[in-house]
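In what follows, a structure is listed as structure tokens, so that the remarks can point back to it.
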Amino acid sequence: MTSASLGAHQRRRRRIFWPFVGPALLLYVLFLALPTVSAVVLSFTSWIGAGGTPVFNGLGSYRELFGEEAFYDAFVNTLLFLVVGGVGTFVLAFLFTMVLREMRGNKLIRAILFFPNIVAPVALGIFLGFVFKFNPTKQGLANFLIGTLGLPPLKFLQPEHVTWVVVGALIWASAGFYITILMAAVDRIPAYLYEDADIAGASPWQKFRYVTLPLTWDVIGIAGVLWTIHAIKIFELVFVLAGPGTYSPPINAWSLGLYVFDRSFGAGGTPQFGVVCACGVVMIALVSLFVLALRRLMRREAIEY
Amino acid sequence: MVAASATLALAASGCGGSGESGEFSLPTAAGYFKTACPKAAVKPAQKELTYWSMWTKDEPQGKVLQYVINCFTKQTGVKVDVQWLGREVLTQNVAPALNTDKVPDLIDQDVTKMQAAVVAANGAQPLQDVLAMKTGDGDKTVKDVLAKTSWDFPGNREKSGKIFLVPYTILTNGWWYNKKQVKNVTPPKTMDDLFALFDAAKKSGKAAVSQDGDIDTYNIYYFSQLAERYVGGGGLMKAARDKTGKSWTSDPGFLKAAQYVERLAKGKYLIDGWDAAKFPQVQQRWADGESDYLFVGSWGPSETREYLNKQGGGQAIDYGSFQMPMPQGATHDIIEQKPIGFSVTAKAKNPDAAKAFIAYFLNKKMLAGIPAVADNLTPRADLPVPADLKDIKKAFDDPKKEHVLFQDATDALNGGTWADNVLFPENNALLKGKITAQQFVDQMASKSAAYWKSHH
């Protein structure tokens, strides 16, 4: 290749660079970067939204935010969803990747496991509200099953407990999605590696630990990032499962997403977009922190196969 | 009964003369939609009107309003462009439009929500002049036909001190029971009488009280009803606004009110499972007869009747109702209300047409749709109500009673955040029997003070 033709090639590349990048960049700046920046700016104001003008109030919104029990409850619950829900979802997903590969009809099982994912969280929440009903004369399905075991019924939907029910529901509803992603990665692993392991007499755990895990590592990393983003904005499931579905539930059950909703379009109040934006900034910080930590934790040399 | 309440009402509204048409009997729901359109007393010059409604098209109120709109158009030639947007109309539709020039002329919601979402943003105009408009009932004006208590209170004033909302529906609340299930109930005069009724219910093997515990604003009924009887209208709000929080402990009324709530909680009067509730499951358990009493708003009969109708089986409740009795040492005989009504936006292009419509809807024959079809109370005391609501209407029209907004409007204080963070969590703990009345007022004092430190 001569240097002249290289120059022409580069020139051509440079010519098509902006037409290709431009539209995406424009959309990205317009709909993602600008709103993010404006959220940060607005978080230093007090603003009731339409009809009012944002008034600079320094750290006032943050002071209000951190002075609210509702925010603490929402923050702790969101961390619970993120960490406990995440660990639960991935443990379940790993378990399935261990057994699903060798199972007959695994395509069908995968499809079935994916089902909860295609149901809207709102519908799921309403449905689970019936499942976890506590009524001594007409128990919901969960308490009915507990009853057949001879155990006393549980008050699942008590505001103090409902967060755990939501965590359970989340794991159940999300596992299928992550199983699908992880299994797609597992399918790419050459079969002879597993055959080799079989000949060497490896247990399912050993095969998972020494073959599956290292070879799907980068996919797990991405799945972890997806989970983090998903978990921090959980809202609908909490709204309909913990509350009546028309008003916000008591604050013990709130998530950060619900906090943002309630303070923007909540039942009866004047919107407080300054505080809402401050909460949004906290959420962005939380996502960034977890994603960075996760990437750092998952950093390994990629294995070629 | 109807005649008696009408007389009371006339006294309440400060209107001396008797109704010019004599006896008015409420039409049936089907009959209402055949009412001849009354003549419009006010004919606006503007020929168009935009209305964004809090109702949906198919609910009873939506149907009634549509009928009135048709009549109004027929009698005045004003074309009404109506959009049925549902309960979140203010926060999701009106508020976002306030910065634009595409605002509706006419909007509606309850007075507290209107204040929080629209008036606070200077989005509504004063409606004082509507009071002087004729409704088409002879020479009577809006001011003549409406109970004064339904519009004349501090919560219905914008910055200049004028009213911003003209009501057409009244929500109130009280104890409900099924006359077929609990026979010969005499409304309790004292709190001991009330607890005696509850004890009798428990003795008969039923639960005493149904309570949907996942709604904070339902859980607060007991404390707010009792506290308001000690401190009067505005008293609860005053304590809520107290930045030192000291009012909660210095005014003995709050402790006394909390002690009754503690008694309700510790006495296990609330139905098993109320605290793991999913609305409306627990009020449905009352409708099913599992408990004897239910404290809820005047919408109680229509909601529970709808449930029973959907269940089939032909069950029907004979609704009875009474108010919370006066607790010992209390001096304010209150009844809670929440008026729902119209406002006209500040930027409205057709304010005259909007105001004329408000006056037209308040005409007796038109407004009759609210009780007849939607089974709700109206601010017109001379309008009879269906049998279910007779007891509660009588209590509401009692001129001796002090009319106070639901929980003294503290649910909207500071965008609702004070109640969410301070009042509701403490009240829930009290109602669950987790804390004592003394702990409740102590916590209210310290938490309220802490809240106001971060919320100036």
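Naming scheme: A, B, ... for chains in displayed order of the structure tokens; residues 1 onward per chain; ligands 1 onward as shown.
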Proximal residues of chain A relative to chain B (only C-alpha atoms; 6 Å) as a PyMOL selection string: chain A and resi 50-52+63-64+67+69-70+134+155+157-158+243-244+265+268-270
Within 7 Å of segment 274-277 of chain A using only C-alpha atoms, minus same-chain residues under 5 positions, as a VMD selection string: chain A and resid 39 to 40 42 to 47 61 to 62 65 260 263 to 264
Writing out the chosen residues with C-alpha atoms as an mmCIF file, in the first residue's frame:
```cif
data_model
loop_
_atom_site.group_PDB
_atom_site.id
_atom_site.type_symbol
_atom_site.label_atom_id
_atom_site.label_comp_id
_atom_site.auth_asym_id
_atom_site.auth_seq_id
_atom_site.Cartn_x
_atom_site.Cartn_y
_atom_site.Cartn_z
ATOM 1 C CA ALA A 39 -31.095 18.328 36.085
ATOM 2 C CA VAL A 40 -27.834 19.078 37.852
ATOM 3 C CA LEU A 42 -32.003 22.670 38.536
ATOM 4 C CA SER A 43 -31.024 20.701 41.626
ATOM 5 C CA PHE A 44 -29.566 23.944 42.975
ATOM 6 C CA THR A 45 -32.892 25.732 42.586
ATOM 7 C CA SER A 46 -36.332 25.719 44.066
ATOM 8 C CA TRP A 47 -38.920 25.252 41.310
ATOM 9 C CA SER A 61 -32.804 21.204 47.740
ATOM 10 C CA TYR A 62 -30.152 18.808 48.974
ATOM 11 C CA LEU A 65 -33.760 15.912 50.470
ATOM 12 C CA VAL A 260 -39.085 11.200 42.246
ATOM 13 C CA ARG A 263 -42.522 14.738 44.396
ATOM 14 C CA SER A 264 -43.182 15.556 40.727
#
```
Strand (DSSP E) positions in segment 107-185 of chain B, given as a PyMOL selection string: chain B and resi 107-110+166-178
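The nearest approach to Tyr222 of chain B among the residues B:Asn173, B:Ser298, B:Gln438, B:Thr135, with only C-alpha atoms taken into account, belongs to B:Asn173.
With atom CA of Tyr194 of chain A on one side and atom CA of Gly224 of chain A on the other, the separation reads 25.0 Å.
Taking atom CA of Asp352 of chain B as the reference point, atom CA of Pro44 of chain B is found at 5.9 Å.
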Nearest to Met283 of chain A, chosen from A:Leu79, A:Ala123, A:Leu237, A:Leu27, with only C-alpha atoms counted in the distances: A:Leu79
Who sits within 12 Å of Val219 of chain A, only C-alpha atoms, same chain under 4 positions skipped, as a ChimeraX atom specification: /A:178-186,188,212-215,223-226,295,298-299,302
Next, dump the selected residues to file, keeping only N, CA and C atoms, as a tab-separated table (two decimals), in the first residue's frame.
```tsv
chain	number	residue	atom	x	y	z
A	178	TYR	N	-31.86	-12.40	32.68
A	178	TYR	CA	-30.42	-12.58	32.81
A	178	TYR	C	-30.00	-14.01	32.45
A	179	ILE	N	-30.90	-14.96	32.70
A	179	ILE	CA	-30.62	-16.32	32.24
A	179	ILE	C	-30.47	-16.33	30.72
A	180	THR	N	-31.36	-15.61	30.05
A	180	THR	CA	-31.32	-15.55	28.59
A	180	THR	C	-29.99	-14.97	28.11
A	181	ILE	N	-29.58	-13.87	28.74
A	181	ILE	CA	-28.32	-13.24	28.33
A	181	ILE	C	-27.14	-14.18	28.60
A	182	LEU	N	-27.11	-14.73	29.82
A	182	LEU	CA	-25.98	-15.59	30.18
A	182	LEU	C	-25.95	-16.86	29.33
A	183	MET	N	-27.12	-17.42	29.06
A	183	MET	CA	-27.16	-18.65	28.27
A	183	MET	C	-26.69	-18.40	26.84
A	184	ALA	N	-26.98	-17.20	26.33
A	184	ALA	CA	-26.49	-16.87	24.99
A	184	ALA	C	-24.97	-16.91	24.99
A	185	ALA	N	-24.36	-16.44	26.09
A	185	ALA	CA	-22.90	-16.49	26.20
A	185	ALA	C	-22.42	-17.92	26.37
A	186	VAL	N	-23.16	-18.69	27.16
A	186	VAL	CA	-22.76	-20.08	27.41
A	186	VAL	C	-22.81	-20.88	26.11
A	188	ARG	N	-22.04	-20.02	23.28
A	188	ARG	CA	-20.89	-19.74	22.43
A	188	ARG	C	-19.65	-20.54	22.84
A	212	THR	N	-17.45	-22.31	32.56
A	212	THR	CA	-18.50	-21.33	32.26
A	212	THR	C	-18.14	-19.93	32.74
A	213	LEU	N	-17.79	-19.84	34.02
A	213	LEU	CA	-17.56	-18.52	34.62
A	213	LEU	C	-16.45	-17.73	33.91
A	214	PRO	N	-15.27	-18.32	33.74
A	214	PRO	CA	-14.21	-17.54	33.08
A	214	PRO	C	-14.56	-17.16	31.64
A	215	LEU	N	-15.29	-18.02	30.95
A	215	LEU	CA	-15.56	-17.76	29.53
A	215	LEU	C	-16.78	-16.85	29.31
A	223	ALA	N	-24.03	-7.67	32.11
A	223	ALA	CA	-25.32	-7.97	32.74
A	223	ALA	C	-25.41	-7.27	34.09
A	224	GLY	N	-24.30	-7.23	34.81
A	224	GLY	CA	-24.27	-6.55	36.11
A	224	GLY	C	-24.56	-5.06	35.97
A	225	VAL	N	-23.99	-4.46	34.94
A	225	VAL	CA	-24.24	-3.04	34.69
A	225	VAL	C	-25.71	-2.81	34.35
A	226	LEU	N	-26.26	-3.69	33.49
A	226	LEU	CA	-27.67	-3.58	33.13
A	226	LEU	C	-28.55	-3.67	34.37
A	295	ARG	N	-17.14	-2.55	37.30
A	295	ARG	CA	-16.17	-2.71	36.21
A	295	ARG	C	-14.79	-3.00	36.77
A	298	MET	N	-14.72	-6.52	38.03
A	298	MET	CA	-14.83	-7.54	37.00
A	298	MET	C	-13.65	-7.49	36.03
A	299	ARG	N	-12.70	-6.57	36.28
A	299	ARG	CA	-11.63	-6.40	35.31
A	299	ARG	C	-10.72	-7.63	35.28
A	302	ALA	N	-9.27	-10.62	28.98
A	302	ALA	CA	-10.23	-11.39	28.20
A	302	ALA	C	-9.60	-12.70	27.73
```
Best match for closeness to Tyr259 of chain A among A:Ala231, A:Ala293, A:Ile222, A:Val238, counting only C-alpha atoms: A:Val238
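The interatomic distance for the pair atom CA of Val111 of chain B and atom CA of Leu165 of chain B works out to 6.7 Å.
Near segment 308-315 of chain B, within a cut-off of 12 Å and counting only C-alpha atoms, sit the residues Asn178, Lys180, Gln181, Gln283, Gln284, Arg285, Trp286, Ala287, Asp288, Gly289, Pro301, Ser302, Glu303, Thr304, Arg305 and Asp318 of chain B, with same-chain residues fewer than 3 positions away left out.
Distances here use only C-alpha atoms; by that measure, the residue among B:Ala409, B:Met133, B:Leu65, B:Ala30 closest to Ala240 of chain B is B:Ala409.
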